[in-house]
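As provided, query_3.cif (mmCIF, N, CA and C atoms) reads as follows.
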data_target
loop_
_atom_site.label_atom_id
_atom_site.label_comp_id
_atom_site.auth_asym_id
_atom_site.auth_seq_id
_atom_site.Cartn_x
_atom_site.Cartn_y
_atom_site.Cartn_z
N MET A 23 48.23 131.47 50.31
CA MET A 23 47.42 130.79 49.33
C MET A 23 46.17 130.17 49.96
N ALA A 24 46.31 129.68 51.18
CA ALA A 24 45.17 129.07 51.84
C ALA A 24 44.09 130.10 52.12
N LYS A 25 44.50 131.33 52.43
CA LYS A 25 43.54 132.40 52.69
C LYS A 25 42.74 132.73 51.43
N THR A 26 43.42 132.73 50.28
CA THR A 26 42.76 133.02 49.02
C THR A 26 41.74 131.94 48.69
N ARG A 27 42.11 130.68 48.89
CA ARG A 27 41.17 129.58 48.62
C ARG A 27 39.94 129.69 49.51
N GLU A 28 40.14 130.05 50.75
CA GLU A 28 39.02 130.18 51.68
C GLU A 28 38.09 131.31 51.25
N LYS A 29 38.65 132.44 50.82
CA LYS A 29 37.83 133.55 50.35
C LYS A 29 37.03 133.17 49.11
N MET A 30 37.67 132.43 48.21
CA MET A 30 36.97 131.99 47.00
C MET A 30 35.86 131.00 47.35
N ARG A 31 36.12 130.11 48.30
CA ARG A 31 35.10 129.14 48.70
C ARG A 31 33.90 129.84 49.32
N LEU A 32 34.15 130.83 50.17
CA LEU A 32 33.05 131.56 50.80
C LEU A 32 32.26 132.37 49.79
N ARG A 33 32.95 132.97 48.80
CA ARG A 33 32.26 133.72 47.76
C ARG A 33 31.37 132.79 46.93
N GLU A 34 31.87 131.59 46.64
CA GLU A 34 31.09 130.62 45.88
C GLU A 34 29.83 130.20 46.65
N ARG A 35 29.95 130.04 47.96
CA ARG A 35 28.78 129.70 48.78
C ARG A 35 27.75 130.82 48.74
N ARG A 36 28.22 132.07 48.84
CA ARG A 36 27.30 133.21 48.76
C ARG A 36 26.64 133.27 47.38
N ARG A 37 27.41 133.00 46.32
CA ARG A 37 26.88 133.03 44.97
C ARG A 37 25.76 131.99 44.80
N LEU A 38 25.97 130.80 45.30
CA LEU A 38 24.96 129.76 45.19
C LEU A 38 23.72 130.09 46.02
N ARG A 39 23.92 130.73 47.17
CA ARG A 39 22.80 131.13 48.01
C ARG A 39 21.95 132.19 47.30
N VAL A 40 22.61 133.11 46.63
CA VAL A 40 21.88 134.14 45.88
C VAL A 40 21.13 133.51 44.71
N ARG A 41 21.76 132.57 44.01
CA ARG A 41 21.15 131.95 42.83
C ARG A 41 19.96 131.07 43.18
N GLN A 42 19.84 130.61 44.43
CA GLN A 42 18.66 129.86 44.83
C GLN A 42 17.43 130.74 44.81
N ARG A 43 17.61 132.02 45.10
CA ARG A 43 16.49 132.95 45.20
C ARG A 43 16.24 133.73 43.92
N VAL A 44 17.29 133.98 43.14
CA VAL A 44 17.19 134.84 41.97
C VAL A 44 17.16 133.99 40.71
N ASN A 45 16.10 134.17 39.91
CA ASN A 45 15.97 133.42 38.67
C ASN A 45 15.41 134.36 37.61
N GLY A 46 16.04 134.39 36.45
CA GLY A 46 15.60 135.27 35.38
C GLY A 46 14.54 134.62 34.52
N THR A 47 13.50 135.39 34.21
CA THR A 47 12.44 134.92 33.33
C THR A 47 12.38 135.85 32.13
N ALA A 48 11.48 135.57 31.21
CA ALA A 48 11.34 136.43 30.03
C ALA A 48 10.79 137.79 30.43
N GLU A 49 9.90 137.83 31.44
CA GLU A 49 9.33 139.10 31.87
C GLU A 49 10.32 139.91 32.71
N GLN A 50 11.11 139.23 33.54
CA GLN A 50 12.08 139.90 34.40
C GLN A 50 13.39 139.10 34.39
N PRO A 51 14.26 139.40 33.43
CA PRO A 51 15.52 138.66 33.36
C PRO A 51 16.46 139.03 34.50
N ARG A 52 17.54 138.30 34.60
CA ARG A 52 18.50 138.46 35.69
C ARG A 52 19.68 139.31 35.21
N LEU A 53 20.03 140.33 36.00
CA LEU A 53 21.22 141.14 35.73
C LEU A 53 22.35 140.58 36.58
N CYS A 54 23.26 139.88 35.95
CA CYS A 54 24.34 139.18 36.63
C CYS A 54 25.61 140.01 36.54
N VAL A 55 26.30 140.18 37.67
CA VAL A 55 27.52 140.98 37.74
C VAL A 55 28.69 140.10 38.14
N PHE A 56 29.78 140.22 37.40
CA PHE A 56 31.03 139.55 37.77
C PHE A 56 32.09 140.61 37.93
N ARG A 57 32.82 140.55 39.02
CA ARG A 57 33.83 141.56 39.34
C ARG A 57 35.18 140.86 39.46
N SER A 58 36.12 141.27 38.64
CA SER A 58 37.49 140.80 38.78
C SER A 58 38.33 141.94 39.33
N THR A 59 39.62 141.72 39.48
CA THR A 59 40.45 142.78 40.04
C THR A 59 40.64 143.93 39.06
N LYS A 60 40.64 143.65 37.76
CA LYS A 60 40.89 144.69 36.77
C LYS A 60 39.63 145.18 36.06
N HIS A 61 38.61 144.35 35.94
CA HIS A 61 37.44 144.70 35.14
C HIS A 61 36.15 144.30 35.85
N ILE A 62 35.04 144.77 35.29
CA ILE A 62 33.72 144.40 35.79
C ILE A 62 32.84 144.08 34.59
N TYR A 63 32.02 143.06 34.71
CA TYR A 63 31.21 142.55 33.61
C TYR A 63 29.76 142.46 34.07
N ALA A 64 28.82 142.71 33.16
CA ALA A 64 27.40 142.60 33.48
C ALA A 64 26.69 141.93 32.30
N GLN A 65 25.76 141.03 32.61
CA GLN A 65 24.97 140.35 31.59
C GLN A 65 23.52 140.35 32.02
N ILE A 66 22.63 140.45 31.05
CA ILE A 66 21.20 140.27 31.31
C ILE A 66 20.83 138.92 30.71
N ILE A 67 20.36 138.02 31.57
CA ILE A 67 20.17 136.62 31.19
C ILE A 67 18.73 136.19 31.42
N ASP A 68 18.16 135.50 30.43
CA ASP A 68 16.86 134.86 30.56
C ASP A 68 17.13 133.39 30.86
N ASP A 69 16.96 132.99 32.12
CA ASP A 69 17.28 131.62 32.52
C ASP A 69 16.28 130.60 31.97
N SER A 70 15.04 131.02 31.74
CA SER A 70 14.06 130.08 31.23
C SER A 70 14.40 129.65 29.80
N ALA A 71 14.98 130.54 29.01
CA ALA A 71 15.38 130.20 27.65
C ALA A 71 16.86 129.85 27.56
N GLY A 72 17.62 130.18 28.62
CA GLY A 72 19.05 129.91 28.61
C GLY A 72 19.81 130.80 27.65
N ARG A 73 19.41 132.08 27.56
CA ARG A 73 20.05 133.00 26.61
C ARG A 73 20.53 134.26 27.32
N THR A 74 21.60 134.81 26.79
CA THR A 74 22.08 136.12 27.22
C THR A 74 21.44 137.16 26.31
N LEU A 75 20.69 138.09 26.90
CA LEU A 75 19.96 139.09 26.11
C LEU A 75 20.80 140.33 25.84
N ALA A 76 21.66 140.71 26.77
CA ALA A 76 22.53 141.87 26.60
C ALA A 76 23.73 141.71 27.51
N SER A 77 24.84 142.33 27.12
CA SER A 77 26.03 142.27 27.96
C SER A 77 26.83 143.54 27.79
N ALA A 78 27.57 143.88 28.83
CA ALA A 78 28.47 145.03 28.81
C ALA A 78 29.60 144.75 29.77
N SER A 79 30.74 145.32 29.49
CA SER A 79 31.89 145.15 30.37
C SER A 79 32.80 146.35 30.25
N SER A 80 33.70 146.46 31.20
CA SER A 80 34.66 147.55 31.13
C SER A 80 35.67 147.31 30.02
N VAL A 81 35.81 146.09 29.56
CA VAL A 81 36.69 145.78 28.44
C VAL A 81 36.06 146.31 27.15
N SER A 82 34.78 146.01 26.94
CA SER A 82 34.11 146.46 25.71
C SER A 82 33.86 147.96 25.72
N ALA A 83 33.67 148.56 26.89
CA ALA A 83 33.45 150.00 26.99
C ALA A 83 34.75 150.77 26.96
N LYS A 84 35.87 150.06 27.01
CA LYS A 84 37.21 150.65 26.98
C LYS A 84 37.40 151.70 28.09
N VAL A 85 36.97 151.33 29.29
CA VAL A 85 37.17 152.17 30.48
C VAL A 85 37.89 151.31 31.51
N PRO A 86 38.65 151.92 32.40
CA PRO A 86 39.27 151.13 33.46
C PRO A 86 38.19 150.60 34.40
N GLY A 87 38.08 149.30 34.53
CA GLY A 87 36.99 148.71 35.30
C GLY A 87 37.34 148.41 36.73
N GLY A 88 38.55 148.69 37.14
CA GLY A 88 38.94 148.38 38.50
C GLY A 88 38.58 149.48 39.48
N ASN A 89 37.76 150.43 39.05
CA ASN A 89 37.37 151.51 39.94
C ASN A 89 35.87 151.79 39.81
N ILE A 90 35.37 152.67 40.64
CA ILE A 90 33.93 152.95 40.69
C ILE A 90 33.46 153.65 39.42
N GLU A 91 34.29 154.51 38.84
CA GLU A 91 33.89 155.22 37.62
C GLU A 91 33.69 154.23 36.46
N GLY A 92 34.54 153.22 36.38
CA GLY A 92 34.38 152.20 35.35
C GLY A 92 33.10 151.40 35.55
N ALA A 93 32.77 151.11 36.81
CA ALA A 93 31.55 150.37 37.11
C ALA A 93 30.32 151.20 36.74
N LYS A 94 30.37 152.50 36.97
CA LYS A 94 29.25 153.37 36.58
C LYS A 94 29.06 153.38 35.08
N ALA A 95 30.16 153.41 34.33
CA ALA A 95 30.07 153.39 32.87
C ALA A 95 29.46 152.08 32.37
N VAL A 96 29.83 150.97 33.00
CA VAL A 96 29.27 149.67 32.61
C VAL A 96 27.78 149.60 32.97
N GLY A 97 27.39 150.14 34.13
CA GLY A 97 25.98 150.17 34.51
C GLY A 97 25.14 150.96 33.54
N LYS A 98 25.65 152.09 33.10
CA LYS A 98 24.93 152.91 32.13
C LYS A 98 24.83 152.19 30.78
N ALA A 99 25.93 151.54 30.37
CA ALA A 99 25.95 150.82 29.09
C ALA A 99 24.98 149.65 29.09
N ILE A 100 24.92 148.90 30.19
CA ILE A 100 24.01 147.74 30.23
C ILE A 100 22.56 148.20 30.24
N ALA A 101 22.27 149.34 30.88
CA ALA A 101 20.90 149.86 30.88
C ALA A 101 20.49 150.31 29.49
N GLU A 102 21.40 150.93 28.75
CA GLU A 102 21.09 151.36 27.39
C GLU A 102 20.84 150.16 26.47
N LYS A 103 21.65 149.11 26.63
CA LYS A 103 21.46 147.90 25.82
C LYS A 103 20.16 147.20 26.19
N ALA A 104 19.79 147.26 27.46
CA ALA A 104 18.53 146.65 27.89
C ALA A 104 17.35 147.41 27.30
N LYS A 105 17.42 148.73 27.30
CA LYS A 105 16.35 149.52 26.70
C LYS A 105 16.21 149.22 25.22
N ALA A 106 17.34 149.04 24.54
CA ALA A 106 17.31 148.70 23.11
C ALA A 106 16.65 147.35 22.88
N ALA A 107 16.78 146.44 23.84
CA ALA A 107 16.14 145.12 23.74
C ALA A 107 14.77 145.12 24.40
N SER A 108 14.23 146.31 24.71
CA SER A 108 12.91 146.52 25.35
C SER A 108 12.79 145.77 26.68
N ILE A 109 13.80 145.87 27.51
CA ILE A 109 13.80 145.31 28.85
C ILE A 109 13.81 146.47 29.83
N THR A 110 12.83 146.48 30.75
CA THR A 110 12.77 147.56 31.73
C THR A 110 12.96 147.06 33.15
N ARG A 111 12.53 145.82 33.44
CA ARG A 111 12.64 145.27 34.79
C ARG A 111 13.61 144.11 34.80
N VAL A 112 14.49 144.09 35.78
CA VAL A 112 15.44 142.99 35.97
C VAL A 112 15.51 142.64 37.44
N CYS A 113 16.01 141.44 37.75
CA CYS A 113 16.34 141.10 39.13
C CYS A 113 17.87 141.06 39.21
N PHE A 114 18.41 141.60 40.28
CA PHE A 114 19.84 141.82 40.40
C PHE A 114 20.52 140.62 41.05
N ASP A 115 21.53 140.10 40.38
CA ASP A 115 22.34 138.99 40.88
C ASP A 115 23.75 139.52 41.12
N ARG A 116 24.11 139.71 42.37
CA ARG A 116 25.41 140.30 42.70
C ARG A 116 26.54 139.28 42.60
N GLY A 117 26.23 138.04 42.34
CA GLY A 117 27.26 137.04 42.08
C GLY A 117 28.11 136.68 43.27
N GLY A 118 27.58 136.75 44.48
CA GLY A 118 28.35 136.40 45.66
C GLY A 118 29.18 137.55 46.20
N ASN A 119 29.22 138.66 45.49
CA ASN A 119 29.96 139.82 45.98
C ASN A 119 29.09 140.60 46.95
N LEU A 120 29.72 141.31 47.86
CA LEU A 120 28.97 142.17 48.76
C LEU A 120 28.43 143.36 47.98
N PHE A 121 27.28 143.87 48.39
CA PHE A 121 26.64 144.98 47.67
C PHE A 121 27.21 146.30 48.18
N HIS A 122 28.41 146.61 47.75
CA HIS A 122 29.03 147.90 48.05
C HIS A 122 30.14 148.11 47.04
N GLY A 123 30.66 149.30 46.98
CA GLY A 123 31.77 149.59 46.09
C GLY A 123 31.36 149.54 44.64
N ARG A 124 32.12 148.77 43.85
CA ARG A 124 31.88 148.73 42.40
C ARG A 124 30.56 148.08 42.04
N VAL A 125 30.14 147.07 42.78
CA VAL A 125 28.87 146.40 42.49
C VAL A 125 27.70 147.36 42.72
N LYS A 126 27.76 148.10 43.81
CA LYS A 126 26.71 149.07 44.12
C LYS A 126 26.72 150.21 43.11
N ALA A 127 27.90 150.66 42.69
CA ALA A 127 28.00 151.73 41.71
C ALA A 127 27.39 151.31 40.38
N LEU A 128 27.63 150.07 39.97
CA LEU A 128 27.03 149.56 38.73
C LEU A 128 25.52 149.53 38.85
N ALA A 129 25.00 149.04 39.97
CA ALA A 129 23.56 148.96 40.17
C ALA A 129 22.91 150.35 40.19
N ASP A 130 23.53 151.28 40.88
CA ASP A 130 22.98 152.63 40.95
C ASP A 130 22.97 153.31 39.58
N ALA A 131 24.04 153.12 38.80
CA ALA A 131 24.10 153.71 37.46
C ALA A 131 23.05 153.10 36.54
N ALA A 132 22.81 151.80 36.67
CA ALA A 132 21.78 151.14 35.86
C ALA A 132 20.38 151.65 36.25
N ARG A 133 20.17 151.87 37.54
CA ARG A 133 18.88 152.41 37.97
C ARG A 133 18.66 153.82 37.44
N GLU A 134 19.70 154.64 37.53
CA GLU A 134 19.60 156.02 37.04
C GLU A 134 19.34 156.06 35.54
N ALA A 135 19.87 155.09 34.80
CA ALA A 135 19.68 155.06 33.36
C ALA A 135 18.34 154.44 32.95
N GLY A 136 17.54 153.98 33.93
CA GLY A 136 16.19 153.55 33.60
C GLY A 136 15.81 152.12 33.90
N LEU A 137 16.72 151.30 34.39
CA LEU A 137 16.36 149.92 34.73
C LEU A 137 15.67 149.90 36.09
N GLU A 138 14.69 149.01 36.26
CA GLU A 138 14.01 148.83 37.53
C GLU A 138 14.43 147.49 38.12
N PHE A 139 14.78 147.49 39.41
CA PHE A 139 15.15 146.25 40.11
C PHE A 139 14.02 145.87 41.03
#
Translate this structure into structure tokens?
Amino acid sequence: MAKTREKMRLRERRRLRVRQRVNGTAEQPRLCVFRSTKHIYAQIIDDSAGRTLASASSVSAKVPGGNIEGAKAVGKAIAEKAKAASITRVCFDRGGNLFHGRVKALADAAREAGLEF
């Protein structure tokens, strides 16, 4: 249990470090990613207005989100919703997670579907 708490504390420190640098505006909102053991979630957030502009998750897409294929589906879905809301440029917030695996797969799928980071 102590090991788990330490990992969570370190992830929280990384998340706060990323959030000091990444801020969503109306021109370039923030693409925030949350990764759990079973699912992956993505939101496009305008921090200046305090609003969520678009969201997608492996739960809403009805795909298994605990793998890379699910993350790719969520990345494609969030890019399509962003295009519908006329958003082309975003800044990527990995949420304290390392940029590999499912987080990287989501980012790559969003780029392929038309989002610019």
Open item on the list: At a cut-off of 7 Å around the point (25.8, 149.2, 32.2) (file coordinates), what residues fall inside when counting only N, CA and C atoms? I'd like the answer as a PyMOL selection string.
Closed with: chain A and resi 64+78-79+93-103+128+131-132
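Across the model, the gap from atom N of A:Ala104 to atom CA of A:Thr47 is 15.5 Å.
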- [ ] Quick one: everything within 6.5 Å of A:Asn119, counting all atoms listed in the file, minus sequence neighbours fewer than 5 positions away in the same chain. Send it as number ranges by chain.
- [x] A: 33, 36-37
Open item on the list: So that I can check the secondary structure, give me every residue of stretch 44-119 of chain A assigned alpha helix (DSSP H) by backbone DSSP, as a ChimeraX atom specification.
Closed with: /A:90-106
Open item on the list: Let me make sure I understand: among A:Gly136, A:Gly117, A:Pro86, A:Gly92, which one has the smallest atom-to-atom distance to A:Cys54 if we use only C-alpha atoms?
Closed with: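 Smallest separation from A:Cys54 among the options: A:Gly117.
In this structure, atom N of A:Gly118 sits 10.0 Å away from atom C of A:Arg57.
Using the PyMOL selection byres (((chain A and resi 40-45 and name CA) around 10) and name CA) on the file at hand returns these residues: Glu34, Arg35, Arg36, Arg37, Leu38, Arg39, Gly46, Thr47, Gln50, Pro51, Arg52, Leu53, Cys54, Ile67, Asp68, Asp69, Ser70, Val112, Cys113, Phe114, Asp115, Arg116, Gly117, Gly118 and Asn119 of chain A.
You will find atom CA of A:Glu49 at 17.4 Å from atom CA of A:Ser77.
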Task: Who sits within 6.5 Å of A:Thr59, all atoms listed in the file, same chain under 2 positions skipped, as a PyMOL selection string - done: chain A and resi 57+61+87-88
- [ ] Could you give me the residues within chain A that DSSP places in strand (DSSP E or B), as number ranges by chain?
- [x] A: 52-57, 62-68, 73-79, 111, 113-115, 138
Taking all atoms of stretch 33-52 of chain A that the file lists, what box with edges along x, y and z, padded by 8 Å per side, do you get, with centre and edge lengths in Å to one decimal, as AutoDock Vina command-line options?
--center_x 21.1 --center_y 134.8 --center_z 39.4 --size_x 39.6 --size_y 26.2 --size_z 34.8
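For the residues A:Lys105, A:Lys60, A:Lys84, A:Lys25, ranking by smallest atom-to-atom distance to A:Arg133 using only C-alpha atoms places A:Lys105 first.
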Please return stretch 34-47 of chain A, rebuilt to N, CA, C and O atoms, as a CSV table (one decimal), in the frame of the given file.
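Wrote it out as part_26.csv, contents follow:
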chain,number,residue,atom,x,y,z
A,34,GLU,N,31.9,131.6,46.6
A,34,GLU,CA,31.1,130.6,45.9
A,34,GLU,C,29.8,130.2,46.6
A,34,GLU,O,28.8,130.0,46.1
A,35,ARG,N,30.0,130.0,48.0
A,35,ARG,CA,28.8,129.7,48.8
A,35,ARG,C,27.8,130.8,48.7
A,35,ARG,O,26.6,130.6,48.6
A,36,ARG,N,28.2,132.1,48.8
A,36,ARG,CA,27.3,133.2,48.8
A,36,ARG,C,26.6,133.3,47.4
A,36,ARG,O,25.5,133.6,47.3
A,37,ARG,N,27.4,133.0,46.3
A,37,ARG,CA,26.9,133.0,45.0
A,37,ARG,C,25.8,132.0,44.8
A,37,ARG,O,24.7,132.3,44.2
A,38,LEU,N,26.0,130.8,45.3
A,38,LEU,CA,25.0,129.8,45.2
A,38,LEU,C,23.7,130.1,46.0
A,38,LEU,O,22.6,129.8,45.6
A,39,ARG,N,23.9,130.7,47.2
A,39,ARG,CA,22.8,131.1,48.0
A,39,ARG,C,22.0,132.2,47.3
A,39,ARG,O,20.7,132.1,47.3
A,40,VAL,N,22.6,133.1,46.6
A,40,VAL,CA,21.9,134.1,45.9
A,40,VAL,C,21.1,133.5,44.7
A,40,VAL,O,20.0,133.8,44.4
A,41,ARG,N,21.8,132.6,44.0
A,41,ARG,CA,21.2,132.0,42.8
A,41,ARG,C,20.0,131.1,43.2
A,41,ARG,O,19.1,130.8,42.3
A,42,GLN,N,19.8,130.6,44.4
A,42,GLN,CA,18.7,129.9,44.8
A,42,GLN,C,17.4,130.7,44.8
A,42,GLN,O,16.3,130.3,44.5
A,43,ARG,N,17.6,132.0,45.1
A,43,ARG,CA,16.5,133.0,45.2
A,43,ARG,C,16.2,133.7,43.9
A,43,ARG,O,15.1,134.1,43.7
A,44,VAL,N,17.3,134.0,43.1
A,44,VAL,CA,17.2,134.8,42.0
A,44,VAL,C,17.2,134.0,40.7
A,44,VAL,O,18.1,133.2,40.5
A,45,ASN,N,16.1,134.2,39.9
A,45,ASN,CA,16.0,133.4,38.7
A,45,ASN,C,15.4,134.4,37.6
A,45,ASN,O,14.4,135.1,37.8
A,46,GLY,N,16.0,134.4,36.4
A,46,GLY,CA,15.6,135.3,35.4
A,46,GLY,C,14.5,134.6,34.5
A,46,GLY,O,14.6,133.5,34.1
A,47,THR,N,13.5,135.4,34.2
A,47,THR,CA,12.4,134.9,33.3
A,47,THR,C,12.4,135.8,32.1
A,47,THR,O,13.1,136.8,32.0
